[in-house]
$ cat protein_27.pdb   # PDB, C-alpha atoms, pLDDT in the B column
ATOM      1  CA  MET A   1      10.002   0.427 -20.223  1.00 86.00           C
ATOM      2  CA  ARG A   2      13.167   1.929 -18.772  1.00 90.00           C
ATOM      3  CA  ILE A   3      11.635   5.405 -18.594  1.00 93.00           C
ATOM      4  CA  ALA A   4       8.662   3.973 -16.652  1.00 92.00           C
ATOM      5  CA  LEU A   5      11.007   2.207 -14.242  1.00 93.00           C
ATOM      6  CA  LEU A   6      13.029   5.342 -13.513  1.00 95.00           C
ATOM      7  CA  THR A   7       9.971   7.594 -13.279  1.00 94.00           C
ATOM      8  CA  HIS A   8       8.213   5.256 -10.879  1.00 95.00           C
ATOM      9  CA  CYS A   9      11.287   4.930  -8.655  1.00 95.00           C
ATOM     10  CA  GLN A  10      11.578   8.721  -8.547  1.00 95.00           C
ATOM     11  CA  ALA A  11       7.883   9.049  -7.675  1.00 94.00           C
ATOM     12  CA  LEU A  12       8.246   6.511  -4.842  1.00 95.00           C
ATOM     13  CA  THR A  13      11.319   8.351  -3.570  1.00 95.00           C
ATOM     14  CA  GLN A  14       9.376  11.602  -3.479  1.00 93.00           C
ATOM     15  CA  SER A  15       6.275  10.078  -1.895  1.00 92.00           C
ATOM     16  CA  CYS A  16       8.059   8.045   0.769  1.00 93.00           C
ATOM     17  CA  GLY A  17      10.878  10.494   1.457  1.00 93.00           C
ATOM     18  CA  TYR A  18      13.635   7.935   0.968  1.00 95.00           C
ATOM     19  CA  THR A  19      17.189   9.097   1.678  1.00 94.00           C
ATOM     20  CA  GLU A  20      20.625   7.602   1.306  1.00 94.00           C
ATOM     21  CA  ALA A  21      21.812   5.034   3.893  1.00 93.00           C
ATOM     22  CA  GLU A  22      18.351   4.453   5.390  1.00 95.00           C
ATOM     23  CA  THR A  23      17.628   0.878   6.458  1.00 96.00           C
ATOM     24  CA  ILE A  24      14.546  -0.891   5.103  1.00 97.00           C
ATOM     25  CA  VAL A  25      13.251  -4.302   6.214  1.00 97.00           C
ATOM     26  CA  ASN A  26      11.417  -6.073   3.390  1.00 97.00           C
ATOM     27  CA  VAL A  27       9.149  -9.048   4.100  1.00 95.00           C
ATOM     28  CA  LEU A  28       7.508  -8.957   0.656  1.00 94.00           C
ATOM     29  CA  ASP A  29       8.523 -10.951  -2.400  1.00 93.00           C
ATOM     30  CA  PHE A  30      11.439  -8.961  -3.817  1.00 93.00           C
ATOM     31  CA  LYS A  31      10.879 -10.390  -7.311  1.00 93.00           C
ATOM     32  CA  LYS A  32       7.552  -8.654  -8.025  1.00 90.00           C
ATOM     33  CA  ASP A  33       5.116  -5.863  -7.208  1.00 91.00           C
ATOM     34  CA  VAL A  34       5.685  -3.684  -4.129  1.00 93.00           C
ATOM     35  CA  GLY A  35       8.538  -5.841  -2.836  1.00 94.00           C
ATOM     36  CA  LEU A  36      10.451  -5.364  -6.092  1.00 95.00           C
ATOM     37  CA  TRP A  37       9.838  -1.611  -6.320  1.00 95.00           C
ATOM     38  CA  HIS A  38      10.691  -0.763  -2.721  1.00 96.00           C
ATOM     39  CA  GLY A  39      13.024  -3.598  -1.730  1.00 95.00           C
ATOM     40  CA  ILE A  40      15.207  -3.617  -4.837  1.00 95.00           C
ATOM     41  CA  LEU A  41      14.796  -0.899  -7.473  1.00 96.00           C
ATOM     42  CA  THR A  42      14.022   2.233  -5.441  1.00 96.00           C
ATOM     43  CA  SER A  43      16.408   1.223  -2.661  1.00 96.00           C
ATOM     44  CA  VAL A  44      19.253   0.756  -5.159  1.00 96.00           C
ATOM     45  CA  MET A  45      18.501   4.160  -6.700  1.00 96.00           C
ATOM     46  CA  ASN A  46      18.730   5.786  -3.257  1.00 96.00           C
ATOM     47  CA  MET A  47      21.614   3.631  -1.982  1.00 96.00           C
ATOM     48  CA  MET A  48      19.662   2.283   0.980  1.00 96.00           C
ATOM     49  CA  HIS A  49      20.440  -0.697   3.196  1.00 96.00           C
ATOM     50  CA  VAL A  50      17.949  -3.520   2.570  1.00 96.00           C
ATOM     51  CA  ILE A  51      17.274  -6.476   4.854  1.00 96.00           C
ATOM     52  CA  SER A  52      15.093  -9.108   3.175  1.00 95.00           C
ATOM     53  CA  VAL A  53      13.273 -11.565   5.422  1.00 95.00           C
ATOM     54  CA  PRO A  54      12.387 -14.763   3.492  1.00 93.00           C
ATOM     55  CA  TYR A  55       8.992 -16.406   3.812  1.00 90.00           C
ATOM     56  CA  SER A  56      10.581 -19.627   5.100  1.00 91.00           C
ATOM     57  CA  LEU A  57      12.014 -17.753   8.091  1.00 92.00           C
ATOM     58  CA  MET A  58       8.687 -16.055   8.768  1.00 91.00           C
ATOM     59  CA  LYS A  59       6.999 -19.453   9.128  1.00 88.00           C
ATOM     60  CA  VAL A  60       9.554 -20.471  11.758  1.00 91.00           C
ATOM     61  CA  ASN A  61       9.785 -17.121  13.544  1.00 91.00           C
ATOM     62  CA  PRO A  62       6.885 -14.719  12.794  1.00 91.00           C
ATOM     63  CA  LEU A  63       8.591 -11.980  14.837  1.00 92.00           C
ATOM     64  CA  SER A  64      11.802 -12.081  12.814  1.00 93.00           C
ATOM     65  CA  TRP A  65      11.013  -8.891  10.851  1.00 94.00           C
ATOM     66  CA  ILE A  66      10.232  -6.956  14.045  1.00 94.00           C
ATOM     67  CA  GLN A  67      13.484  -8.204  15.556  1.00 93.00           C
ATOM     68  CA  LYS A  68      15.364  -6.950  12.487  1.00 95.00           C
ATOM     69  CA  VAL A  69      13.684  -3.545  12.754  1.00 95.00           C
ATOM     70  CA  TYR A  70      14.730  -3.302  16.406  1.00 94.00           C
ATOM     71  CA  HIS A  71      18.263  -4.617  15.889  1.00 94.00           C
ATOM     72  CA  PHE A  72      19.142  -2.433  12.877  1.00 95.00           C
ATOM     73  CA  LYS A  73      16.995   0.586  13.919  1.00 95.00           C
ATOM     74  CA  ALA A  74      15.257   0.401  10.547  1.00 96.00           C
ATOM     75  CA  LYS A  75      13.312   3.419   9.336  1.00 96.00           C
ATOM     76  CA  VAL A  76      11.028   1.585   6.879  1.00 96.00           C
ATOM     77  CA  ALA A  77       9.385  -1.850   6.831  1.00 96.00           C
ATOM     78  CA  CYS A  78       7.388  -3.396   3.955  1.00 96.00           C
ATOM     79  CA  VAL A  79       4.887  -6.031   5.081  1.00 94.00           C
ATOM     80  CA  LYS A  80       1.518  -7.613   4.331  1.00 91.00           C
ATOM     81  CA  SER A  81      -1.410  -7.818   6.714  1.00 87.00           C
ATOM     82  CA  ARG A  82      -0.608 -11.533   7.006  1.00 87.00           C
ATOM     83  CA  ASP A  83       2.801 -10.715   8.506  1.00 91.00           C
ATOM     84  CA  MET A  84       1.202  -8.315  10.983  1.00 91.00           C
ATOM     85  CA  HIS A  85      -1.296 -10.986  12.038  1.00 88.00           C
ATOM     86  CA  TRP A  86       1.426 -13.573  12.613  1.00 89.00           C
ATOM     87  CA  ALA A  87       3.380 -11.082  14.711  1.00 90.00           C
ATOM     88  CA  LEU A  88       0.288 -10.485  16.855  1.00 88.00           C
ATOM     89  CA  VAL A  89      -0.023 -14.189  17.574  1.00 85.00           C
ATOM     90  CA  ALA A  90       3.637 -14.581  18.588  1.00 84.00           C
ATOM     91  CA  HIS A  91       4.389 -11.237  20.254  1.00 80.00           C
ATOM     92  CA  ARG A  92       4.116 -12.562  23.837  1.00 75.00           C
ATOM     93  CA  GLU A  93       7.207 -14.685  23.256  1.00 63.00           C
ATOM     94  CA  GLN A  94       9.399 -11.601  22.750  1.00 70.00           C
ATOM     95  CA  LYS A  95       9.773  -8.876  25.358  1.00 74.00           C
ATOM     96  CA  ASP A  96      12.735  -6.678  24.414  1.00 80.00           C
ATOM     97  CA  ILE A  97      11.564  -5.230  21.091  1.00 87.00           C
ATOM     98  CA  SER A  98      10.819  -1.687  19.959  1.00 90.00           C
ATOM     99  CA  LEU A  99       9.327  -0.152  16.821  1.00 94.00           C
ATOM    100  CA  SER A 100      10.077   3.446  17.763  1.00 94.00           C
ATOM    101  CA  SER A 101      12.654   3.789  14.957  1.00 95.00           C
ATOM    102  CA  LEU A 102      10.040   3.233  12.230  1.00 95.00           C
ATOM    103  CA  ARG A 103       8.915   6.301  10.324  1.00 94.00           C
ATOM    104  CA  MET A 104       6.999   4.270   7.718  1.00 94.00           C
ATOM    105  CA  LEU A 105       5.302   0.870   7.932  1.00 94.00           C
ATOM    106  CA  LEU A 106       4.249   0.140   4.359  1.00 94.00           C
ATOM    107  CA  VAL A 107       1.278  -2.246   4.253  1.00 92.00           C
ATOM    108  CA  ALA A 108       1.041  -3.768   0.784  1.00 90.00           C
ATOM    109  CA  ASP A 109      -1.952  -6.093   0.673  1.00 80.00           C
ATOM    110  CA  GLY A 110      -2.796  -6.176  -3.011  1.00 57.00           C
ATOM    111  CA  SER A 111      -5.915  -8.330  -2.671  1.00 53.00           C
ATOM    112  CA  ASN A 112      -7.494  -5.964  -0.149  1.00 64.00           C
ATOM    113  CA  PRO A 113      -5.474  -2.758   0.227  1.00 49.00           C
ATOM    114  CA  TRP A 114      -8.250  -1.001   2.160  1.00 57.00           C
ATOM    115  CA  SER A 115      -8.335  -3.582   4.983  1.00 68.00           C
ATOM    116  CA  ILE A 116      -8.440  -1.792   8.308  1.00 81.00           C
ATOM    117  CA  SER A 117      -8.819  -4.499  10.943  1.00 82.00           C
ATOM    118  CA  SER A 118      -5.259  -5.820  10.677  1.00 84.00           C
ATOM    119  CA  CYS A 119      -3.773  -2.319  10.956  1.00 87.00           C
ATOM    120  CA  ASP A 120      -5.920  -1.436  13.974  1.00 87.00           C
ATOM    121  CA  ALA A 121      -5.164  -4.694  15.789  1.00 89.00           C
ATOM    122  CA  PHE A 122      -1.419  -4.361  15.157  1.00 91.00           C
ATOM    123  CA  LEU A 123      -1.391  -0.758  16.359  1.00 91.00           C
ATOM    124  CA  ASN A 124      -3.335  -1.594  19.547  1.00 92.00           C
ATOM    125  CA  VAL A 125      -0.782  -4.228  20.553  1.00 91.00           C
ATOM    126  CA  PHE A 126       2.480  -2.595  19.452  1.00 92.00           C
ATOM    127  CA  GLN A 127       1.717   0.997  20.395  1.00 92.00           C
ATOM    128  CA  SER A 128       3.252   0.174  23.772  1.00 90.00           C
ATOM    129  CA  LYS A 129       6.398  -0.905  21.871  1.00 90.00           C
ATOM    130  CA  GLY A 130       6.894   2.538  20.331  1.00 92.00           C
ATOM    131  CA  LEU A 131       4.761   2.157  17.193  1.00 93.00           C
ATOM    132  CA  ARG A 132       3.033   5.422  16.189  1.00 91.00           C
ATOM    133  CA  SER A 133      -0.271   5.484  14.332  1.00 88.00           C
ATOM    134  CA  GLU A 134       0.930   7.983  11.739  1.00 88.00           C
ATOM    135  CA  VAL A 135       3.673   5.663  10.418  1.00 91.00           C
ATOM    136  CA  ILE A 136       1.220   3.022   9.122  1.00 91.00           C
ATOM    137  CA  CYS A 137       0.992   3.656   5.371  1.00 90.00           C
ATOM    138  CA  PRO A 138      -1.250   1.319   3.320  1.00 90.00           C
ATOM    139  CA  CYS A 139      -0.823   1.334  -0.443  1.00 90.00           C
ATOM    140  CA  ALA A 140      -2.722   0.096  -3.499  1.00 88.00           C
ATOM    141  CA  SER A 141      -0.941  -1.388  -6.483  1.00 89.00           C
ATOM    142  CA  SER A 142      -1.343  -3.627  -9.516  1.00 89.00           C
ATOM    143  CA  PRO A 143       1.062  -5.243 -12.000  1.00 88.00           C
ATOM    144  CA  GLU A 144      -0.316  -3.048 -14.792  1.00 89.00           C
ATOM    145  CA  ALA A 145      -0.504   0.356 -13.082  1.00 90.00           C
ATOM    146  CA  LEU A 146       2.339  -0.329 -10.593  1.00 90.00           C
ATOM    147  CA  THR A 147       1.747   1.772  -7.443  1.00 91.00           C
ATOM    148  CA  VAL A 148      -1.640   3.467  -7.807  1.00 90.00           C
ATOM    149  CA  ALA A 149      -1.762   5.282  -4.451  1.00 90.00           C
ATOM    150  CA  ILE A 150       0.104   5.357  -1.169  1.00 90.00           C
ATOM    151  CA  ARG A 151      -0.536   7.039   2.147  1.00 88.00           C
ATOM    152  CA  ARG A 152       2.372   9.328   2.971  1.00 82.00           C
ATOM    153  CA  PRO A 153       3.920   9.300   6.459  1.00 71.00           C
ATOM    154  CA  VAL A 154       2.921  12.467   8.306  1.00 66.00           C
ATOM    155  CA  GLU A 155       4.692  14.447  10.993  1.00 59.00           C
ATOM    156  CA  ASP A 156       1.547  15.643  12.755  1.00 56.00           C
ATOM    157  CA  SER A 157       0.424  12.760  14.989  1.00 54.00           C
ATOM    158  CA  SER A 158      -2.670  14.673  16.098  1.00 57.00           C
ATOM    159  CA  GLN A 159      -4.364  13.998  12.756  1.00 60.00           C
ATOM    160  CA  PRO A 160      -6.193  10.643  12.841  1.00 62.00           C
ATOM    161  CA  PRO A 161      -5.787   8.299   9.855  1.00 64.00           C
ATOM    162  CA  GLY A 162      -8.506   8.718   7.257  1.00 71.00           C
ATOM    163  CA  ARG A 163     -11.291   6.184   7.238  1.00 76.00           C
ATOM    164  CA  GLY A 164     -14.885   5.969   6.111  1.00 79.00           C
ATOM    165  CA  VAL A 165     -18.010   4.053   7.032  1.00 84.00           C
ATOM    166  CA  LEU A 166     -19.999   2.964   3.982  1.00 85.00           C
ATOM    167  CA  SER A 167     -23.484   1.530   3.701  1.00 87.00           C
ATOM    168  CA  MET A 168     -23.504  -2.092   2.512  1.00 87.00           C
ATOM    169  CA  GLN A 169     -26.942  -1.561   0.983  1.00 87.00           C
ATOM    170  CA  GLY A 170     -25.600   1.312  -1.088  1.00 87.00           C
ATOM    171  CA  LEU A 171     -22.601  -0.760  -2.182  1.00 85.00           C
ATOM    172  CA  SER A 172     -24.950  -3.507  -3.388  1.00 86.00           C
ATOM    173  CA  TYR A 173     -26.305  -0.949  -5.878  1.00 85.00           C
ATOM    174  CA  SER A 174     -22.755   0.173  -6.817  1.00 85.00           C
ATOM    175  CA  VAL A 175     -23.090   3.559  -5.143  1.00 88.00           C
ATOM    176  CA  VAL A 176     -21.240   5.116  -2.189  1.00 87.00           C
ATOM    177  CA  ARG A 177     -23.337   6.144   0.800  1.00 87.00           C
ATOM    178  CA  VAL A 178     -21.729   7.295   4.048  1.00 85.00           C
ATOM    179  CA  ASP A 179     -23.225   5.643   7.139  1.00 85.00           C
ATOM    180  CA  THR A 180     -22.569   5.455  10.879  1.00 79.00           C
ATOM    181  CA  GLU A 181     -20.633   2.795  12.788  1.00 74.00           C
ATOM    182  CA  GLU A 182     -23.615   2.041  15.033  1.00 73.00           C
ATOM    183  CA  ARG A 183     -25.260  -0.016  12.314  1.00 76.00           C
ATOM    184  CA  LEU A 184     -24.344  -3.612  11.551  1.00 77.00           C
ATOM    185  CA  SER A 185     -24.756  -3.387   7.763  1.00 82.00           C
ATOM    186  CA  VAL A 186     -21.758  -1.113   7.214  1.00 84.00           C
ATOM    187  CA  LEU A 187     -18.239  -1.486   5.857  1.00 82.00           C
ATOM    188  CA  THR A 188     -15.398   0.466   7.457  1.00 80.00           C
ATOM    189  CA  VAL A 189     -12.525   1.241   5.092  1.00 81.00           C
ATOM    190  CA  GLN A 190      -9.309   3.228   5.412  1.00 80.00           C
ATOM    191  CA  ASP A 191      -7.792   5.484   2.802  1.00 81.00           C
ATOM    192  CA  VAL A 192      -4.644   4.526   0.962  1.00 84.00           C
ATOM    193  CA  GLY A 193      -3.508   8.091   0.431  1.00 84.00           C
ATOM    194  CA  THR A 194      -3.347  10.081  -2.789  1.00 85.00           C
ATOM    195  CA  VAL A 195      -2.238   9.085  -6.261  1.00 88.00           C
ATOM    196  CA  MET A 196       1.400   9.061  -7.290  1.00 90.00           C
ATOM    197  CA  PRO A 197       3.158  12.284  -8.364  1.00 88.00           C
ATOM    198  CA  GLY A 198       2.628  13.013 -12.051  1.00 88.00           C
ATOM    199  CA  ALA A 199      -0.317  10.627 -12.441  1.00 90.00           C
ATOM    200  CA  LEU A 200      -3.825  11.290 -13.747  1.00 89.00           C
ATOM    201  CA  VAL A 201      -6.570   9.096 -12.288  1.00 90.00           C
ATOM    202  CA  CYS A 202     -10.268   8.808 -13.053  1.00 90.00           C
ATOM    203  CA  VAL A 203     -13.017   6.267 -12.304  1.00 91.00           C
ATOM    204  CA  VAL A 204     -14.841   4.530 -15.165  1.00 91.00           C
ATOM    205  CA  LYS A 205     -17.647   1.998 -15.358  1.00 90.00           C
ATOM    206  CA  PRO A 206     -16.154  -1.524 -15.272  1.00 85.00           C
ATOM    207  CA  ASP A 207     -18.549  -3.022 -17.852  1.00 85.00           C
ATOM    208  CA  GLY A 208     -19.159  -1.973 -21.435  1.00 85.00           C
ATOM    209  CA  VAL A 209     -18.091   1.446 -22.727  1.00 87.00           C
ATOM    210  CA  PRO A 210     -15.625   3.139 -20.277  1.00 87.00           C
ATOM    211  CA  LEU A 211     -17.973   5.928 -19.225  1.00 89.00           C
ATOM    212  CA  LEU A 212     -16.750   8.210 -16.468  1.00 90.00           C
ATOM    213  CA  CYS A 213     -18.489   7.513 -13.155  1.00 89.00           C
ATOM    214  CA  LYS A 214     -20.335  10.153 -11.208  1.00 87.00           C
ATOM    215  CA  THR A 215     -19.153  11.241  -7.761  1.00 85.00           C
ATOM    216  CA  ASP A 216     -21.016   8.557  -5.804  1.00 88.00           C
ATOM    217  CA  GLU A 217     -20.633   5.651  -8.248  1.00 90.00           C
ATOM    218  CA  ILE A 218     -18.323   2.665  -7.842  1.00 89.00           C
ATOM    219  CA  GLY A 219     -16.108   1.882 -10.805  1.00 89.00           C
ATOM    220  CA  GLU A 220     -12.659   0.923 -11.979  1.00 89.00           C
ATOM    221  CA  LEU A 221      -9.611   3.160 -11.645  1.00 90.00           C
ATOM    222  CA  CYS A 222      -8.070   4.315 -14.903  1.00 90.00           C
ATOM    223  CA  VAL A 223      -4.496   5.612 -14.560  1.00 91.00           C
ATOM    224  CA  CYS A 224      -2.623   7.787 -17.036  1.00 90.00           C
ATOM    225  CA  SER A 225       1.080   8.096 -16.287  1.00 91.00           C
ATOM    226  CA  VAL A 226       4.521   7.569 -17.766  1.00 91.00           C
ATOM    227  CA  ALA A 227       5.219   5.197 -14.864  1.00 90.00           C
ATOM    228  CA  THR A 228       2.879   2.345 -15.837  1.00 90.00           C
ATOM    229  CA  GLY A 229       3.013  -0.773 -17.916  1.00 89.00           C
ATOM    230  CA  THR A 230       2.428  -0.476 -21.673  1.00 89.00           C
ATOM    231  CA  SER A 231       1.380  -3.942 -22.867  1.00 90.00           C
ATOM    232  CA  TYR A 232       1.008  -7.648 -22.216  1.00 91.00           C
ATOM    233  CA  TYR A 233       3.781  -9.455 -24.070  1.00 90.00           C
ATOM    234  CA  GLY A 234       2.350 -11.134 -27.165  1.00 89.00           C
ATOM    235  CA  LEU A 235      -1.297 -10.475 -26.209  1.00 91.00           C
ATOM    236  CA  THR A 236      -2.534  -7.767 -28.550  1.00 90.00           C
ATOM    237  CA  GLY A 237      -6.222  -8.070 -27.693  1.00 89.00           C
ATOM    238  CA  MET A 238      -5.759  -7.891 -23.927  1.00 91.00           C
ATOM    239  CA  THR A 239      -3.297  -5.033 -24.353  1.00 90.00           C
ATOM    240  CA  LYS A 240      -5.839  -2.988 -26.312  1.00 89.00           C
ATOM    241  CA  ASN A 241      -8.580  -3.544 -23.718  1.00 86.00           C
ATOM    242  CA  THR A 242      -6.349  -2.733 -20.737  1.00 88.00           C
ATOM    243  CA  PHE A 243      -3.680  -0.259 -21.824  1.00 89.00           C
ATOM    244  CA  GLU A 244      -5.460   1.647 -24.613  1.00 86.00           C
ATOM    245  CA  VAL A 245      -8.633   2.742 -22.821  1.00 86.00           C
ATOM    246  CA  ARG A 246     -10.239   5.997 -23.942  1.00 86.00           C
ATOM    247  CA  THR A 247     -12.744   7.347 -21.467  1.00 84.00           C
ATOM    248  CA  VAL A 248     -16.108   8.648 -22.617  1.00 83.00           C
ATOM    249  CA  GLY A 249     -17.735  11.658 -21.014  1.00 73.00           C
ATOM    250  CA  PHE A 250     -16.603  14.761 -19.177  1.00 55.00           C
ATOM    251  CA  VAL A 251     -13.010  14.292 -18.034  1.00 50.00           C
ATOM    252  CA  CYS A 252     -12.636  14.928 -14.324  1.00 41.00           C
ATOM    253  CA  VAL A 253      -9.263  13.691 -13.093  1.00 43.00           C
ATOM    254  CA  THR A 254      -7.036  14.037 -10.058  1.00 41.00           C
ATOM    255  CA  TYR A 255      -3.573  15.490 -10.577  1.00 39.00           C
ATOM    256  CA  ILE A 256      -0.929  15.376  -7.851  1.00 39.00           C
TER     257      ILE A 256
END
$ encode --input "protein_27.pdb" --output "structure tokens"
Amino acid sequence: MRIALLTHCQALTQSCGYTEAETIVNVLDFKKDVGLWHGILTSVMNMMHVISVPYSLMKVNPLSWIQKVYHFKAKVACVKSRDMHWALVAHREQKDISLSSLRMLLVADGSNPWSISSCDAFLNVFQSKGLRSEVICPCASSPEALTVAIRRPVEDSSQPPGRGVLSMQGLSYSVVRVDTEERLSVLTVQDVGTVMPGALVCVVKPDGVPLLCKTDEIGELCVCSVATGTSYYGLTGMTKNTFEVRTVGFVCVTYI
């Protein structure tokens, strides 16, 4: 709804610190998901300059988005891990580039928003080009809940990005167990920040009755906010199961 659109744009503005006349380079699809919210709607609300790099150009020149960042001194770039990987492969062909103007590199990889390898590899190569570790901001989103969480850009570069090492054996039993990196049977994940302003989030069991999960249990995120979707058009049954969930158990939510 219109109120959800405006509220979500305002929440993104607050979280990302968008200001008027900033330049943003968008490599994502501007017709849906994160590309639509950041590259079109929120940027129009804040009167920002937007440079959209089409997928067809990326296939010809994988470094085109980095060149645009350098040429226009862009403050924000919205990419996927795929775009970062392609840039790594082709970076030796371009010498005179710099990413020092970026204050936020938004990584929107909806299928795996907690992927850490692509961010680490990109930072290792482009740190010499002015890229700072604190500007890499992964986010998690879905068509139904819109932006669920986003890591905010920080000013203090001395704080390392949050990450965790989880036991694969524990995950096989749907529980979270912290492990050490020395072992082979571990999964290293990075945080995607905190939930959006004004949102309530809890974790429920994905199967059966939506019981609230305990602290160490793996489940499905349940978001309560004005800035979410409300229904599937013409699909009453799916709408009831997705948008009208009532959790069972002691309510323990996060409020930001």
$ atom_distance --input "protein_27.pdb" --atom1 "atom CA of Val192 of chain A" --atom2 "atom CA of Cys16 of chain A"
13.2 Å
$ atom_distance --input "protein_27.pdb" --atom1 "atom CA of Gln10 of chain A" --atom2 "atom CA of Ala140 of chain A"
17.4 Å
$ atom_distance --input "protein_27.pdb" --atom1 "atom CA of Lys59 of chain A" --atom2 "atom CA of Leu28 of chain A"
13.5 Å
$ residues_around --input "protein_27.pdb" --residues "segment 165-169 of chain A" --least-positions-apart "6" --cutoff "6 Å" --atoms "only C-alpha atoms" --output "number ranges by chain"
A: 177-179, 185-188
$ resolve_selection --input "protein_27.pdb" --expression "the PyMOL selection byres ((chain A and resi 214) around 12)" --output "list of chain:residue names"
A:Ser174, A:Val175, A:Val176, A:Cys202, A:Val203, A:Val204, A:Lys205, A:Leu211, A:Leu212, A:Cys213, A:Thr215, A:Asp216, A:Glu217, A:Ile218, A:Gly219, A:Gly249, A:Phe250, A:Val251, A:Cys252, A:Val253
$ closest_residue --input "protein_27.pdb" --among "A:Ile51, A:Met104, A:Ile97, A:Leu41" --to "Leu63 of chain A" --atoms "all atoms listed in the file"
A:Ile97
$ residues_around --input "protein_27.pdb" --residues "Phe122 of chain A" --least-positions-apart "3" --cutoff "9 Å" --atoms "only C-alpha atoms" --output "list in words"
Met84, His85, Ala87, Leu88, Ser117, Ser118, Cys119, Val125, Phe126 and Gln127 of chain A
$ closest_residue --input "protein_27.pdb" --among "A:Ile24, A:Val248, A:Val189, A:Ala149" --to "Val223 of chain A" --atoms "only C-alpha atoms"
A:Ala149
$ closest_residue --input "protein_27.pdb" --among "A:Trp65, A:Thr19, A:Asp29, A:Ile116" --to "Met47 of chain A" --atoms "all atoms listed in the file"
A:Thr19
$ closest_residue --input "protein_27.pdb" --among "A:Val148, A:Val107, A:Cys222, A:Val76" --to "Thr247 of chain A" --atoms "all atoms listed in the file"
A:Cys222
$ residues_around --input "protein_27.pdb" --residues "Thr228 of chain A" --least-positions-apart "5" --cutoff "9 Å" --atoms "all atoms listed in the file" --output "PDB file with C-alpha atoms, in the coordinates of the input"
ATOM      1  CA  MET A   1      10.002   0.427 -20.223  1.00 86.00           C
ATOM      2  CA  ALA A   4       8.662   3.973 -16.652  1.00 92.00           C
ATOM      3  CA  LEU A   5      11.007   2.207 -14.242  1.00 93.00           C
ATOM      4  CA  HIS A   8       8.213   5.256 -10.879  1.00 95.00           C
ATOM      5  CA  PRO A 143       1.062  -5.243 -12.000  1.00 88.00           C
ATOM      6  CA  GLU A 144      -0.316  -3.048 -14.792  1.00 89.00           C
ATOM      7  CA  ALA A 145      -0.504   0.356 -13.082  1.00 90.00           C
ATOM      8  CA  LEU A 146       2.339  -0.329 -10.593  1.00 90.00           C
ATOM      9  CA  THR A 147       1.747   1.772  -7.443  1.00 91.00           C
ATOM     10  CA  VAL A 223      -4.496   5.612 -14.560  1.00 91.00           C
TER      11      VAL A 223
END
$ closest_residue --input "protein_27.pdb" --among "A:Pro153, A:Gly198, A:Gly237, A:Pro206" --to "Lys75 of chain A" --atoms "only C-alpha atoms"
A:Pro153
$ resolve_selection --input "protein_27.pdb" --expression "the PyMOL selection byres ((chain A and resi 100) around 8)" --output "PyMOL selection string"
chain A and resi 98-99+101-102+129-132
$ axis_aligned_box --input "protein_27.pdb" --around "segment 38-53 of chain A" --padding-each-side "8 Å" --output "JSON"
{"center_x": 16.2, "center_y": -2.9, "center_z": -1.0, "size_x": 26.9, "size_y": 33.4, "size_z": 28.9}
$ resolve_selection --input "protein_27.pdb" --expression "the PyMOL selection byres ((chain A and resi 150) around 7)" --output "CSV table (one decimal) with C-alpha atoms, in the frame of the given file"
chain,number,residue,atom,x,y,z
A,137,CYS,CA,1.0,3.7,5.4
A,138,PRO,CA,-1.2,1.3,3.3
A,139,CYS,CA,-0.8,1.3,-0.4
A,140,ALA,CA,-2.7,0.1,-3.5
A,149,ALA,CA,-1.8,5.3,-4.5
A,151,ARG,CA,-0.5,7.0,2.1
A,152,ARG,CA,2.4,9.3,3.0
A,192,VAL,CA,-4.6,4.5,1.0
A,193,GLY,CA,-3.5,8.1,0.4
A,194,THR,CA,-3.3,10.1,-2.8
A,195,VAL,CA,-2.2,9.1,-6.3
$ closest_residue --input "protein_27.pdb" --among "A:Leu123, A:Val89, A:Cys224, A:Ala77" --to "Leu106 of chain A" --atoms "only C-alpha atoms"
A:Ala77
$ residues_around --input "protein_27.pdb" --residues "Tyr18 of chain A" --least-positions-apart "3" --cutoff "9 Å" --atoms "all atoms listed in the file" --output "VMD selection string"
chain A and resid 12 to 15 22 42 to 43 46 48
